[in-house]
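As stored in protein-v6.pdb (PDB, C-alpha atoms (C1' of nucleotides)):
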```
ATOM      1  CA  MET A  12      21.646  -4.783   8.717
ATOM      2  CA  THR A  13      18.921  -7.103   7.678
ATOM      3  CA  ASP A  14      16.272  -4.888   9.141
ATOM      4  CA  ARG A  15      13.459  -6.753   7.582
ATOM      5  CA  LEU A  16       9.994  -5.366   7.378
ATOM      6  CA  PRO A  17       7.394  -6.687   9.763
ATOM      7  CA  PRO A  18       4.778  -8.982   8.252
ATOM      8  CA  ARG A  19       1.405  -7.557   7.385
ATOM      9  CA  PRO A  20      -0.785  -7.993  10.464
ATOM     10  CA  THR A  21      -3.830 -10.207  10.121
ATOM     11  CA  ASP A  22      -7.306  -8.922  10.919
ATOM     12  CA  SER A  23      -7.198 -10.141  14.495
ATOM     13  CA  GLU A  24      -3.708  -8.833  14.990
ATOM     14  CA  LEU A  25      -4.738  -5.465  13.673
ATOM     15  CA  SER A  26      -7.590  -5.175  16.111
ATOM     16  CA  ILE A  27      -5.139  -5.862  18.928
ATOM     17  CA  LEU A  28      -2.690  -3.312  17.576
ATOM     18  CA  ARG A  29      -5.450  -0.743  17.565
ATOM     19  CA  VAL A  30      -6.000  -1.321  21.248
ATOM     20  CA  LEU A  31      -2.281  -0.985  21.936
ATOM     21  CA  TRP A  32      -2.084   2.247  19.975
ATOM     22  CA  GLU A  33      -5.029   3.648  21.860
ATOM     23  CA  ARG A  34      -4.126   2.478  25.343
ATOM     24  CA  GLY A  35      -0.373   2.361  25.136
ATOM     25  CA  PRO A  36       1.515  -0.591  26.664
ATOM     26  CA  SER A  37      -1.019  -3.072  28.007
ATOM     27  CA  THR A  38      -1.354  -6.485  29.565
ATOM     28  CA  VAL A  39      -3.273  -9.322  28.018
ATOM     29  CA  ARG A  40      -6.023  -8.621  30.497
ATOM     30  CA  ASP A  41      -6.214  -4.999  29.411
ATOM     31  CA  VAL A  42      -6.470  -5.890  25.753
ATOM     32  CA  HIS A  43      -8.985  -8.593  26.414
ATOM     33  CA  ASP A  44     -11.205  -6.363  28.506
ATOM     34  CA  THR A  45     -11.061  -3.647  25.871
ATOM     35  CA  LEU A  46     -11.852  -5.897  22.938
ATOM     36  CA  ASN A  47     -14.246  -8.123  24.721
ATOM     37  CA  THR A  48     -17.140  -5.747  25.175
ATOM     38  CA  ASP A  49     -19.077  -8.196  23.037
ATOM     39  CA  GLY A  50     -17.801 -11.214  24.957
ATOM     40  CA  LYS A  51     -16.718 -13.074  21.867
ATOM     41  CA  THR A  52     -13.022 -13.774  22.189
ATOM     42  CA  GLY A  53     -11.547 -15.712  25.078
ATOM     43  CA  TYR A  54      -8.667 -14.596  27.238
ATOM     44  CA  THR A  55      -6.272 -17.258  26.015
ATOM     45  CA  THR A  56      -7.052 -16.371  22.434
ATOM     46  CA  ILE A  57      -5.747 -12.848  22.975
ATOM     47  CA  LEU A  58      -2.784 -14.255  24.888
ATOM     48  CA  LYS A  59      -1.893 -16.627  22.078
ATOM     49  CA  LEU A  60      -2.207 -13.910  19.486
ATOM     50  CA  LEU A  61       0.070 -11.626  21.462
ATOM     51  CA  GLN A  62       2.606 -14.417  21.840
ATOM     52  CA  ILE A  63       2.589 -14.980  18.091
ATOM     53  CA  MET A  64       2.801 -11.252  17.439
ATOM     54  CA  THR A  65       5.835 -11.138  19.707
ATOM     55  CA  GLU A  66       7.509 -13.857  17.659
ATOM     56  CA  LYS A  67       6.709 -11.948  14.488
ATOM     57  CA  GLY A  68       8.082  -8.746  15.916
ATOM     58  CA  LEU A  69       4.803  -6.869  15.678
ATOM     59  CA  VAL A  70       4.880  -6.165  19.408
ATOM     60  CA  VAL A  71       7.521  -6.120  22.108
ATOM     61  CA  ARG A  72       7.030  -7.676  25.512
ATOM     62  CA  ASP A  73       8.136  -6.480  28.898
ATOM     63  CA  GLU A  74       8.391  -9.506  31.178
ATOM     64  CA  THR A  75       9.586  -7.810  34.334
ATOM     65  CA  GLU A  76       6.187  -8.084  35.960
ATOM     66  CA  ARG A  77       4.272 -11.267  36.308
ATOM     67  CA  ALA A  78       1.622  -9.909  33.951
ATOM     68  CA  HIS A  79       3.662  -9.206  30.846
ATOM     69  CA  VAL A  80       3.203  -5.832  29.233
ATOM     70  CA  TYR A  81       2.906  -5.636  25.460
ATOM     71  CA  GLU A  82       3.588  -2.657  23.256
ATOM     72  CA  SER A  83       3.266  -2.160  19.535
ATOM     73  CA  SER A  84       6.646  -2.242  17.810
ATOM     74  CA  TYR A  85       5.563   0.215  15.161
ATOM     75  CA  GLY A  86       3.591   3.432  15.441
ATOM     76  CA  GLU A  87       0.042   3.691  14.261
ATOM     77  CA  GLN A  88       0.819   5.940  11.315
ATOM     78  CA  LYS A  89       3.786   3.918  10.180
ATOM     79  CA  THR A  90       1.693   0.777  10.168
ATOM     80  CA  GLN A  91      -1.169   2.487   8.401
ATOM     81  CA  ARG A  92       1.115   3.791   5.692
ATOM     82  CA  GLN A  93       2.635   0.383   5.288
ATOM     83  CA  LEU A  94      -0.811  -1.115   4.857
ATOM     84  CA  LEU A  95      -1.696   1.534   2.311
ATOM     85  CA  ALA A  96       1.512   1.040   0.373
ATOM     86  CA  ASP A  97       0.792  -2.652   0.403
ATOM     87  CA  LEU A  98      -2.746  -2.212  -0.867
ATOM     88  CA  ALA A  99      -1.603   0.253  -3.513
ATOM     89  CA  GLU A 100       0.866  -2.336  -4.713
ATOM     90  CA  ARG A 101      -1.552  -5.241  -4.706
ATOM     91  CA  ALA A 102      -4.699  -3.585  -6.002
ATOM     92  CA  PHE A 103      -3.776  -0.341  -7.695
ATOM     93  CA  GLY A 104      -0.733  -1.283  -9.722
ATOM     94  CA  GLY A 105       1.446   0.617  -7.302
ATOM     95  CA  SER A 106      -0.282   3.951  -7.817
ATOM     96  CA  ALA A 107      -1.013   5.718  -4.547
ATOM     97  CA  THR A 108      -2.747   8.458  -6.492
ATOM     98  CA  LYS A 109      -5.266   6.060  -7.953
ATOM     99  CA  LEU A 110      -5.833   4.756  -4.476
ATOM    100  CA  VAL A 111      -6.524   8.234  -3.139
ATOM    101  CA  MET A 112      -8.910   9.028  -5.931
ATOM    102  CA  GLN A 113     -10.903   5.859  -5.439
ATOM    103  CA  ALA A 114     -10.988   6.537  -1.735
ATOM    104  CA  LEU A 115     -12.371   9.991  -2.361
ATOM    105  CA  PHE A 116     -15.006   8.692  -4.729
ATOM    106  CA  GLY A 117     -17.926   6.746  -3.449
ATOM    107  CA  ARG A 118     -18.128   8.196  -0.033
ATOM    108  CA  LYS A 119     -20.123  10.910   1.640
ATOM    109  CA  ALA A 120     -18.206  14.137   1.551
ATOM    110  CA  ASN A 121     -17.942  16.429   4.499
ATOM    111  CA  ALA A 122     -16.925  20.021   3.990
ATOM    112  CA  ALA A 123     -14.545  20.189   6.937
ATOM    113  CA  GLU A 124     -12.805  16.975   5.964
ATOM    114  CA  LEU A 125     -12.480  18.080   2.374
ATOM    115  CA  ASN A 126     -10.890  21.288   3.529
ATOM    116  CA  ALA A 127      -8.446  19.381   5.673
ATOM    117  CA  ILE A 128      -7.436  17.327   2.676
ATOM    118  CA  ARG A 129      -7.117  20.475   0.601
ATOM    119  CA  GLU A 130      -4.810  22.006   3.156
ATOM    120  CA  LEU A 131      -2.735  18.898   3.147
ATOM    121  CA  LEU A 132      -2.435  19.144  -0.608
ATOM    122  CA  ASP A 133      -1.255  22.727  -0.228
ATOM    123  CA  THR A 134       1.365  21.657   2.258
ATOM    124  CA  ILE A 135       2.645  18.928   0.009
ATOM    125  CA  GLU A 136       2.732  21.259  -2.941
ATOM    126  CA  GLY A 137       4.619  23.826  -0.894
ATOM    127  CA  GLU A 138       7.254  21.321   0.097
ATOM    128  CA  ASN A 139       7.611  20.212  -3.452
ATOM    129  CA  ARG A 140       8.425  23.594  -4.786
TER     130      ARG A 140
ATOM    131  CA  MET B  26     -32.745 -11.372  -1.694
ATOM    132  CA  THR B  27     -29.721 -12.253   0.353
ATOM    133  CA  ASP B  28     -27.388 -10.553  -2.051
ATOM    134  CA  ARG B  29     -24.373 -11.033   0.089
ATOM    135  CA  LEU B  30     -21.168  -9.199  -0.462
ATOM    136  CA  PRO B  31     -18.319 -11.061  -2.090
ATOM    137  CA  PRO B  32     -15.511 -12.088   0.241
ATOM    138  CA  ARG B  33     -12.346 -10.043   0.311
ATOM    139  CA  PRO B  34     -10.043 -11.534  -2.309
ATOM    140  CA  THR B  35      -6.776 -12.986  -1.066
ATOM    141  CA  ASP B  36      -3.448 -11.818  -2.448
ATOM    142  CA  SER B  37      -3.310 -14.525  -5.086
ATOM    143  CA  GLU B  38      -6.903 -13.997  -6.031
ATOM    144  CA  LEU B  39      -6.299 -10.293  -6.417
ATOM    145  CA  SER B  40      -3.419 -10.809  -8.799
ATOM    146  CA  ILE B  41      -5.677 -12.974 -10.934
ATOM    147  CA  LEU B  42      -8.443 -10.395 -10.821
ATOM    148  CA  ARG B  43      -6.005  -7.787 -12.035
ATOM    149  CA  VAL B  44      -5.270  -9.906 -15.074
ATOM    150  CA  LEU B  45      -8.978 -10.343 -15.761
ATOM    151  CA  TRP B  46      -9.605  -6.614 -15.460
ATOM    152  CA  GLU B  47      -6.791  -5.889 -17.851
ATOM    153  CA  ARG B  48      -7.423  -8.594 -20.421
ATOM    154  CA  GLY B  49     -11.148  -9.035 -20.079
ATOM    155  CA  PRO B  50     -12.626 -12.568 -20.073
ATOM    156  CA  SER B  51      -9.795 -15.064 -20.203
ATOM    157  CA  THR B  52      -9.022 -18.742 -20.070
ATOM    158  CA  VAL B  53      -6.859 -20.352 -17.436
ATOM    159  CA  ARG B  54      -4.126 -20.561 -20.028
ATOM    160  CA  ASP B  55      -4.365 -16.817 -20.703
ATOM    161  CA  VAL B  56      -4.137 -15.927 -17.029
ATOM    162  CA  HIS B  57      -1.319 -18.343 -16.447
ATOM    163  CA  ASP B  58       0.720 -17.054 -19.377
ATOM    164  CA  THR B  59       0.173 -13.475 -18.249
ATOM    165  CA  LEU B  60       1.106 -14.051 -14.645
ATOM    166  CA  ASN B  61       3.797 -16.569 -15.270
ATOM    167  CA  THR B  62       6.420 -14.341 -16.818
ATOM    168  CA  ASP B  63       8.534 -15.334 -13.842
ATOM    169  CA  GLY B  64       7.672 -19.004 -14.160
ATOM    170  CA  LYS B  65       6.727 -19.387 -10.542
ATOM    171  CA  THR B  66       3.140 -20.572 -10.415
ATOM    172  CA  GLY B  67       2.011 -23.752 -12.081
ATOM    173  CA  TYR B  68      -0.924 -24.048 -14.441
ATOM    174  CA  THR B  69      -3.031 -26.125 -12.102
ATOM    175  CA  THR B  70      -2.495 -23.626  -9.339
ATOM    176  CA  ILE B  71      -4.178 -20.922 -11.397
ATOM    177  CA  LEU B  72      -6.885 -23.360 -12.395
ATOM    178  CA  LYS B  73      -7.587 -24.301  -8.809
ATOM    179  CA  LEU B  74      -7.680 -20.684  -7.715
ATOM    180  CA  LEU B  75     -10.128 -19.812 -10.472
ATOM    181  CA  GLN B  76     -12.321 -22.738  -9.489
ATOM    182  CA  ILE B  77     -12.373 -21.548  -5.902
ATOM    183  CA  MET B  78     -13.017 -17.989  -6.991
ATOM    184  CA  THR B  79     -15.975 -19.242  -9.001
ATOM    185  CA  GLU B  80     -17.381 -20.925  -5.907
ATOM    186  CA  LYS B  81     -16.910 -17.731  -3.952
ATOM    187  CA  GLY B  82     -18.584 -15.693  -6.640
ATOM    188  CA  LEU B  83     -15.562 -13.537  -7.347
ATOM    189  CA  VAL B  84     -15.584 -14.604 -10.998
ATOM    190  CA  VAL B  85     -18.130 -16.088 -13.379
ATOM    191  CA  ARG B  86     -17.351 -18.922 -15.737
ATOM    192  CA  ASP B  87     -18.473 -19.512 -19.292
ATOM    193  CA  GLU B  88     -18.307 -23.239 -19.945
ATOM    194  CA  THR B  89     -19.583 -23.300 -23.509
ATOM    195  CA  GLU B  90     -16.130 -23.877 -24.919
ATOM    196  CA  ARG B  91     -13.809 -26.616 -23.843
ATOM    197  CA  ALA B  92     -11.419 -24.073 -22.386
ATOM    198  CA  HIS B  93     -13.644 -22.301 -19.883
ATOM    199  CA  VAL B  94     -13.616 -18.531 -19.971
ATOM    200  CA  TYR B  95     -13.485 -16.637 -16.699
ATOM    201  CA  GLU B  96     -14.573 -13.080 -16.049
ATOM    202  CA  SER B  97     -14.438 -10.945 -12.952
ATOM    203  CA  SER B  98     -17.840 -10.636 -11.300
ATOM    204  CA  TYR B  99     -17.141  -7.151 -10.039
ATOM    205  CA  GLY B 100     -15.559  -4.196 -11.772
ATOM    206  CA  GLU B 101     -12.102  -3.021 -10.914
ATOM    207  CA  GLN B 102     -13.245   0.184  -9.273
ATOM    208  CA  LYS B 103     -15.987  -1.459  -7.285
ATOM    209  CA  THR B 104     -13.541  -3.979  -5.911
ATOM    210  CA  GLN B 105     -10.955  -1.331  -5.161
ATOM    211  CA  ARG B 106     -13.490   0.751  -3.267
ATOM    212  CA  GLN B 107     -14.579  -2.287  -1.336
ATOM    213  CA  LEU B 108     -10.987  -2.994  -0.369
ATOM    214  CA  LEU B 109     -10.509   0.601   0.700
ATOM    215  CA  ALA B 110     -13.688   0.623   2.741
ATOM    216  CA  ASP B 111     -12.518  -2.574   4.340
ATOM    217  CA  LEU B 112      -9.095  -1.204   5.180
ATOM    218  CA  ALA B 113     -10.606   2.030   6.492
ATOM    219  CA  GLU B 114     -12.766  -0.038   8.786
ATOM    220  CA  ARG B 115     -10.020  -2.316  10.013
ATOM    221  CA  ALA B 116      -7.116   0.101  10.339
ATOM    222  CA  PHE B 117      -8.487   3.636  10.424
ATOM    223  CA  GLY B 118     -11.438   3.339  12.758
ATOM    224  CA  GLY B 119     -13.778   3.649   9.813
ATOM    225  CA  SER B 120     -12.499   7.043   8.735
ATOM    226  CA  ALA B 121     -11.907   7.232   5.009
ATOM    227  CA  THR B 122     -10.604  10.755   5.464
ATOM    228  CA  LYS B 123      -7.821   9.606   7.755
ATOM    229  CA  LEU B 124      -7.002   6.958   5.210
ATOM    230  CA  VAL B 125      -6.739   9.529   2.439
ATOM    231  CA  MET B 126      -4.563  11.794   4.509
ATOM    232  CA  GLN B 127      -2.161   9.016   5.413
ATOM    233  CA  ALA B 128      -2.055   7.979   1.795
ATOM    234  CA  LEU B 129      -1.157  11.512   0.756
ATOM    235  CA  PHE B 130       1.555  11.749   3.362
ATOM    236  CA  GLY B 131       4.726   9.842   2.960
ATOM    237  CA  ARG B 132       4.803   9.673  -0.760
ATOM    238  CA  LYS B 133       6.435  11.661  -3.500
ATOM    239  CA  ALA B 134       4.109  14.274  -4.783
ATOM    240  CA  ASN B 135       3.635  14.994  -8.435
ATOM    241  CA  ALA B 136       2.090  18.260  -9.530
ATOM    242  CA  ALA B 137      -0.174  16.772 -12.165
ATOM    243  CA  GLU B 138      -1.466  14.110  -9.805
ATOM    244  CA  LEU B 139      -2.063  16.619  -7.069
ATOM    245  CA  ASN B 140      -4.050  18.739  -9.469
ATOM    246  CA  ALA B 141      -6.131  15.761 -10.462
ATOM    247  CA  ILE B 142      -6.937  15.134  -6.836
ATOM    248  CA  ARG B 143      -7.748  18.788  -6.353
ATOM    249  CA  GLU B 144     -10.172  18.712  -9.244
ATOM    250  CA  LEU B 145     -11.789  15.666  -7.802
ATOM    251  CA  LEU B 146     -12.260  17.513  -4.538
ATOM    252  CA  ASP B 147     -13.918  20.353  -6.433
ATOM    253  CA  THR B 148     -16.262  17.941  -8.106
ATOM    254  CA  ILE B 149     -17.228  16.319  -4.858
ATOM    255  CA  GLU B 150     -17.781  19.666  -3.257
ATOM    256  CA  GLY B 151     -19.923  20.756  -6.172
ATOM    257  CA  GLU B 152     -22.138  17.719  -5.894
ATOM    258  CA  ASN B 153     -22.498  18.229  -2.238
ATOM    259  CA  ARG B 154     -23.895  21.644  -2.523
TER     260      ARG B 154
ATOM    261  C1'  DT C  15       0.125 -24.396  54.990
ATOM    262  C1'  DC C  16      -3.744 -24.924  52.040
ATOM    263  C1'  DT C  17      -6.733 -22.992  48.864
ATOM    264  C1'  DC C  18      -7.994 -19.945  45.376
ATOM    265  C1'  DC C  19      -7.003 -16.854  41.785
ATOM    266  C1'  DT C  20      -4.355 -15.084  37.882
ATOM    267  C1'  DC C  21      -0.930 -15.591  34.817
ATOM    268  C1'  DT C  22       1.959 -17.832  31.011
ATOM    269  C1'  DA C  23       2.861 -21.767  28.218
ATOM    270  C1'  DC C  24       1.688 -25.613  25.423
ATOM    271  C1'  DG C  25      -0.655 -28.025  22.073
ATOM    272  C1'  DA C  26      -4.510 -29.423  19.501
ATOM    273  C1'  DA C  27      -8.414 -28.659  16.468
ATOM    274  C1'  DA C  28     -10.797 -26.531  12.736
ATOM    275  C1'  DG C  29     -10.738 -23.547   9.028
ATOM    276  C1'  DT C  30      -8.466 -21.244   5.095
ATOM    277  C1'  DC C  31      -4.872 -20.564   1.582
ATOM    278  C1'  DT C  32      -1.591 -22.046  -1.764
ATOM    279  C1'  DT C  33       0.552 -25.362  -4.194
ATOM    280  C1'  DC C  34       0.730 -29.111  -7.423
ATOM    281  C1'  DG C  35       0.491 -34.304  -8.908
ATOM    282  C1'  DT C  36      -2.592 -37.289 -11.006
ATOM    283  C1'  DT C  37      -6.522 -38.743 -13.549
ATOM    284  C1'  DG C  38      -9.728 -39.003 -17.149
ATOM    285  C1'  DA C  39     -12.104 -36.504 -20.959
ATOM    286  C1'  DC C  40     -11.563 -34.592 -25.298
ATOM    287  C1'  DA C  41      -9.424 -33.050 -29.505
ATOM    288  C1'  DT C  42      -5.930 -33.149 -33.148
ATOM    289  C1'  DC C  43      -2.592 -35.043 -36.069
ATOM    290  C1'  DC C  44      -0.298 -38.489 -38.383
TER     291       DC C  44
ATOM    292  C1'  DG D   3      -7.331 -45.555 -34.995
ATOM    293  C1'  DG D   4      -3.537 -44.737 -32.076
ATOM    294  C1'  DA D   5      -0.329 -41.321 -30.174
ATOM    295  C1'  DT D   6       0.176 -36.798 -28.449
ATOM    296  C1'  DG D   7      -1.239 -32.724 -26.214
ATOM    297  C1'  DT D   8      -4.567 -29.741 -23.695
ATOM    298  C1'  DC D   9      -8.099 -29.272 -20.500
ATOM    299  C1'  DA D  10     -11.029 -29.540 -16.044
ATOM    300  C1'  DA D  11     -11.570 -32.007 -11.888
ATOM    301  C1'  DC D  12     -10.079 -33.995  -7.718
ATOM    302  C1'  DG D  13      -7.540 -34.645  -3.738
ATOM    303  C1'  DA D  14      -3.875 -34.049  -0.725
ATOM    304  C1'  DA D  15      -0.006 -31.757   1.481
ATOM    305  C1'  DG D  16       1.898 -27.971   3.987
ATOM    306  C1'  DA D  17       1.583 -23.470   5.799
ATOM    307  C1'  DC D  18      -0.954 -20.086   8.298
ATOM    308  C1'  DT D  19      -4.867 -18.309  11.262
ATOM    309  C1'  DT D  20      -7.946 -18.443  14.944
ATOM    310  C1'  DT D  21      -9.806 -20.603  18.651
ATOM    311  C1'  DC D  22      -9.574 -22.467  23.245
ATOM    312  C1'  DG D  23      -8.825 -26.359  26.833
ATOM    313  C1'  DT D  24      -5.577 -27.746  30.034
ATOM    314  C1'  DA D  25      -1.488 -27.684  32.792
ATOM    315  C1'  DG D  26       1.639 -25.643  35.817
ATOM    316  C1'  DA D  27       3.882 -21.618  38.133
ATOM    317  C1'  DG D  28       3.351 -17.948  41.238
ATOM    318  C1'  DG D  29       1.105 -14.921  44.543
ATOM    319  C1'  DA D  30      -2.540 -13.698  48.160
ATOM    320  C1'  DG D  31      -5.453 -14.585  51.806
ATOM    321  C1'  DA D  32      -7.697 -17.607  55.364
TER     322       DA D  32
END
```
Rewrite the coordinates I just gave you, this time as structure tokens.
Amino acid sequence: MTDRLPPRPTDSELSILRVLWERGPSTVRDVHDTLNTDGKTGYTTILKLLQIMTEKGLVVRDETERAHVYESSYGEQKTQRQLLADLAERAFGGSATKLVMQALFGRKANAAELNAIRELLDTIEGENR
Amino acid sequence: MTDRLPPRPTDSELSILRVLWERGPSTVRDVHDTLNTDGKTGYTTILKLLQIMTEKGLVVRDETERAHVYESSYGEQKTQRQLLADLAERAFGGSATKLVMQALFGRKANAAELNAIRELLDTIEGENR
DNA sequence: TCTCCTCTACGAAAGTCTTCGTTGACATCC
DNA sequence: GGATGTCAACGAAGACTTTCGTAGAGGAGA
């Protein structure tokens, strides 16, 4: 039952995960072509990262085809919430509320987005009752 | 005028910054005693980290006394917002709103905190008008 | 079959992070 | 003034991250 948490993905790993979330299961070539619009990272770099991520359990690999297919082990939202919980712990003394308030400060507000957040607050409050 | 942004603090650096924000300007000894309630990190480890943080510009050092006094270069909120902007960029496609909504999800709600957030939304909306 | 292409695997190099032992400077106390 | 204790500085070790060159396996086409 030692269902240990996955490690926090590094910056490079996160950019790969974002591709996998967007595209779904993908080969190294797919990920490379998607990320490499700027031509900065080599093919084997992506390959190596995906191999390491497989060892870490961040992705799972399907080896039935010659070109292995990689898929994120954890959903986008789950990972995002984990990252937020982590940041709340490290930088906000564990307070997610403080985190939210700082995130709301210091940014350009947009009426539609604010309304969406408001509705979410209503939903949460409703559930809480 | 190349007023470059400070680097993202590492985990260890962040825990030191939190002490400096809480205590104000402090010596290595102060930080070590505060962090070392568990007796895990050695004195010279904290010293080394503070030296590196000085090089990076994360803290400033007052050397007038024998025991140098360190102070965070950037306020707590400024650093927190920088970290949030960074995470929004890396994990949320640059959308701070998505970040906020994920942060609100998946956590226990508390009426008082929700109201505080609501008031903040009102304030932002007011300014926007 | 021979050649060419794509793929995985391996390992090395450079950079960063974290840790701490050791050294020498300086102060304090007998 | 000599012993003791505290301090900053230095350097090195080990782990992790990111990068990529090279090798070798496998498939496709001439």
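In terms of minimum interatomic distance to chain B, A:Leu132 ranks closest within A:Leu132, A:Val71, A:Val80, A:Ile57, counting only C-alpha atoms.
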Given all atoms listed in the file, how would the per-residue table for chain C near chain A read, listing every residue at most 10 Å away with its closest atom pair and distance in Å to one decimal, sorted by chain and number, as CSV?
```
residue,atom,partner,partner_atom,distance
C:DT20,C1',A:Ala78,CA,8.8
C:DC21,C1',A:Ala78,CA,6.3
C:DT22,C1',A:Ala78,CA,8.5
C:DA23,C1',A:Lys59,CA,9.3
```
Could you save the residues just selected, with C-alpha atoms (C1' of nucleotides), as a compact mmCIF listing (two decimals), keeping the file's coordinate frame?
```txt
# COMPACT_ATOMS: atom_id res chain seq x y z
C1' DT C 20 -4.36 -15.08 37.88
C1' DC C 21 -0.93 -15.59 34.82
C1' DT C 22 1.96 -17.83 31.01
C1' DA C 23 2.86 -21.77 28.22
```
*Once the PyMOL selection byres ((chain B) within 7 of (chain A)) has been applied to the shown file, what residues remain in the selection, as a PyMOL selection string?*
chain B and resi 39+105-106+109+116+121-122+125-128+134+138-139+142+146+149
File dump, residues just selected, C-alpha atoms, as a PDB file, in the frame of the given file:
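As a result, result_14.pdb now contains:
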```
ATOM      1  CA  LEU B  39      -6.299 -10.293  -6.417  1.00  0.00           C
ATOM      2  CA  GLN B 105     -10.955  -1.331  -5.161  1.00  0.00           C
ATOM      3  CA  ARG B 106     -13.490   0.751  -3.267  1.00  0.00           C
ATOM      4  CA  LEU B 109     -10.509   0.601   0.700  1.00  0.00           C
ATOM      5  CA  ALA B 116      -7.116   0.101  10.339  1.00  0.00           C
ATOM      6  CA  ALA B 121     -11.907   7.232   5.009  1.00  0.00           C
ATOM      7  CA  THR B 122     -10.604  10.755   5.464  1.00  0.00           C
ATOM      8  CA  VAL B 125      -6.739   9.529   2.439  1.00  0.00           C
ATOM      9  CA  MET B 126      -4.563  11.794   4.509  1.00  0.00           C
ATOM     10  CA  GLN B 127      -2.161   9.016   5.413  1.00  0.00           C
ATOM     11  CA  ALA B 128      -2.055   7.979   1.795  1.00  0.00           C
ATOM     12  CA  ALA B 134       4.109  14.274  -4.783  1.00  0.00           C
ATOM     13  CA  GLU B 138      -1.466  14.110  -9.805  1.00  0.00           C
ATOM     14  CA  LEU B 139      -2.063  16.619  -7.069  1.00  0.00           C
ATOM     15  CA  ILE B 142      -6.937  15.134  -6.836  1.00  0.00           C
ATOM     16  CA  LEU B 146     -12.260  17.513  -4.538  1.00  0.00           C
ATOM     17  CA  ILE B 149     -17.228  16.319  -4.858  1.00  0.00           C
TER      18      ILE B 149
END
```
_atom CA of Glu24 of chain A to atom CA of Gly68 of chain A, straight-line distance in Å_ =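 Separation between atom CA of Gly68 of chain A and atom CA of Glu24 of chain A: 11.8 Å.
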_Check: which chain D residues lie within 10 Å of chain A using only C-alpha atoms (C1' of nucleotides), as a PyMOL selection string_ = chain D and resi 19-23+28-29
*Can you work out the spacing between atom CA of Arg34 of chain A and atom CA of Leu16 of chain A in Å, to one decimal?*
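Atom CA of Arg34 of chain A sits 24.2 Å away from atom CA of Leu16 of chain A.
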When the PyMOL selection byres ((chain C and resi 36) around 12) is applied to the file above, which residues end up in the set, as a tab-separated table (two decimals) with C-alpha atoms (C1' of nucleotides), keeping the file's coordinate frame?
```
chain	number	residue	atom	x	y	z
B	69	THR	CA	-3.03	-26.12	-12.10
C	34	DC	C1'	0.73	-29.11	-7.42
C	35	DG	C1'	0.49	-34.30	-8.91
C	37	DT	C1'	-6.52	-38.74	-13.55
C	38	DG	C1'	-9.73	-39.00	-17.15
D	11	DA	C1'	-11.57	-32.01	-11.89
D	12	DC	C1'	-10.08	-33.99	-7.72
D	13	DG	C1'	-7.54	-34.65	-3.74
D	14	DA	C1'	-3.88	-34.05	-0.72
```
*Please, what distance in Å, to one decimal, runs between atom CA of Val30 of chain A and atom C1' of DA26 of chain C?*
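Taking atom CA of Val30 of chain A as the start and atom C1' of DA26 of chain C as the end point, the length is 28.2 Å.
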*Which residue gives the smallest distance to Gly35 of chain A among A:Ile63, A:Tyr81, A:Pro20, A:Gly50, with only C-alpha atoms counted?*
A:Tyr81
*From D:DA5, D:DA15, D:DA32, D:DA25, residue lying nearest DC44 of chain C [only C-alpha atoms (C1' of nucleotides)]*: D:DA5
Tell me which protein, DNA and RNA residues are within 12 Å of DC40 of chain C, counting all atoms listed in the file, leaving out same-chain ones fewer than 6 positions away, and put them as a compact mmCIF listing (two decimals) with C-alpha atoms (C1' of nucleotides), keeping the file's coordinate frame.
```txt
# COMPACT_ATOMS: atom_id res chain seq x y z
CA GLU B 90 -16.13 -23.88 -24.92
CA ARG B 91 -13.81 -26.62 -23.84
CA ALA B 92 -11.42 -24.07 -22.39
C1' DG D 7 -1.24 -32.72 -26.21
C1' DT D 8 -4.57 -29.74 -23.70
C1' DC D 9 -8.10 -29.27 -20.50
C1' DA D 10 -11.03 -29.54 -16.04
```
When you get a chance, write out N, CA and C atoms for segment 92-99 of chain B, as a PDB file, in the coordinates of the input.
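To be explicit, this is the file written out as selection.pdb:
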```pdb
ATOM      1  N   ALA B  92     -12.221 -24.882 -23.311  1.00  0.00           N
ATOM      2  CA  ALA B  92     -11.419 -24.073 -22.386  1.00  0.00           C
ATOM      3  C   ALA B  92     -12.340 -23.014 -21.782  1.00  0.00           C
ATOM      4  N   HIS B  93     -12.699 -23.215 -20.533  1.00  0.00           N
ATOM      5  CA  HIS B  93     -13.644 -22.301 -19.883  1.00  0.00           C
ATOM      6  C   HIS B  93     -13.089 -20.874 -19.861  1.00  0.00           C
ATOM      7  N   VAL B  94     -14.017 -19.942 -19.956  1.00  0.00           N
ATOM      8  CA  VAL B  94     -13.616 -18.531 -19.971  1.00  0.00           C
ATOM      9  C   VAL B  94     -14.103 -17.870 -18.685  1.00  0.00           C
ATOM     10  N   TYR B  95     -13.175 -17.262 -17.979  1.00  0.00           N
ATOM     11  CA  TYR B  95     -13.485 -16.637 -16.699  1.00  0.00           C
ATOM     12  C   TYR B  95     -13.535 -15.117 -16.817  1.00  0.00           C
ATOM     13  N   GLU B  96     -14.431 -14.538 -16.042  1.00  0.00           N
ATOM     14  CA  GLU B  96     -14.573 -13.080 -16.049  1.00  0.00           C
ATOM     15  C   GLU B  96     -14.809 -12.611 -14.622  1.00  0.00           C
ATOM     16  N   SER B  97     -14.235 -11.483 -14.293  1.00  0.00           N
ATOM     17  CA  SER B  97     -14.438 -10.945 -12.952  1.00  0.00           C
ATOM     18  C   SER B  97     -15.905 -10.586 -12.739  1.00  0.00           C
ATOM     19  N   SER B  98     -16.437 -10.945 -11.590  1.00  0.00           N
ATOM     20  CA  SER B  98     -17.840 -10.636 -11.300  1.00  0.00           C
ATOM     21  C   SER B  98     -18.044  -9.166 -10.997  1.00  0.00           C
ATOM     22  N   TYR B  99     -17.011  -8.537 -10.476  1.00  0.00           N
ATOM     23  CA  TYR B  99     -17.141  -7.151 -10.039  1.00  0.00           C
ATOM     24  C   TYR B  99     -16.091  -6.303 -10.734  1.00  0.00           C
TER      25      TYR B  99
END
```
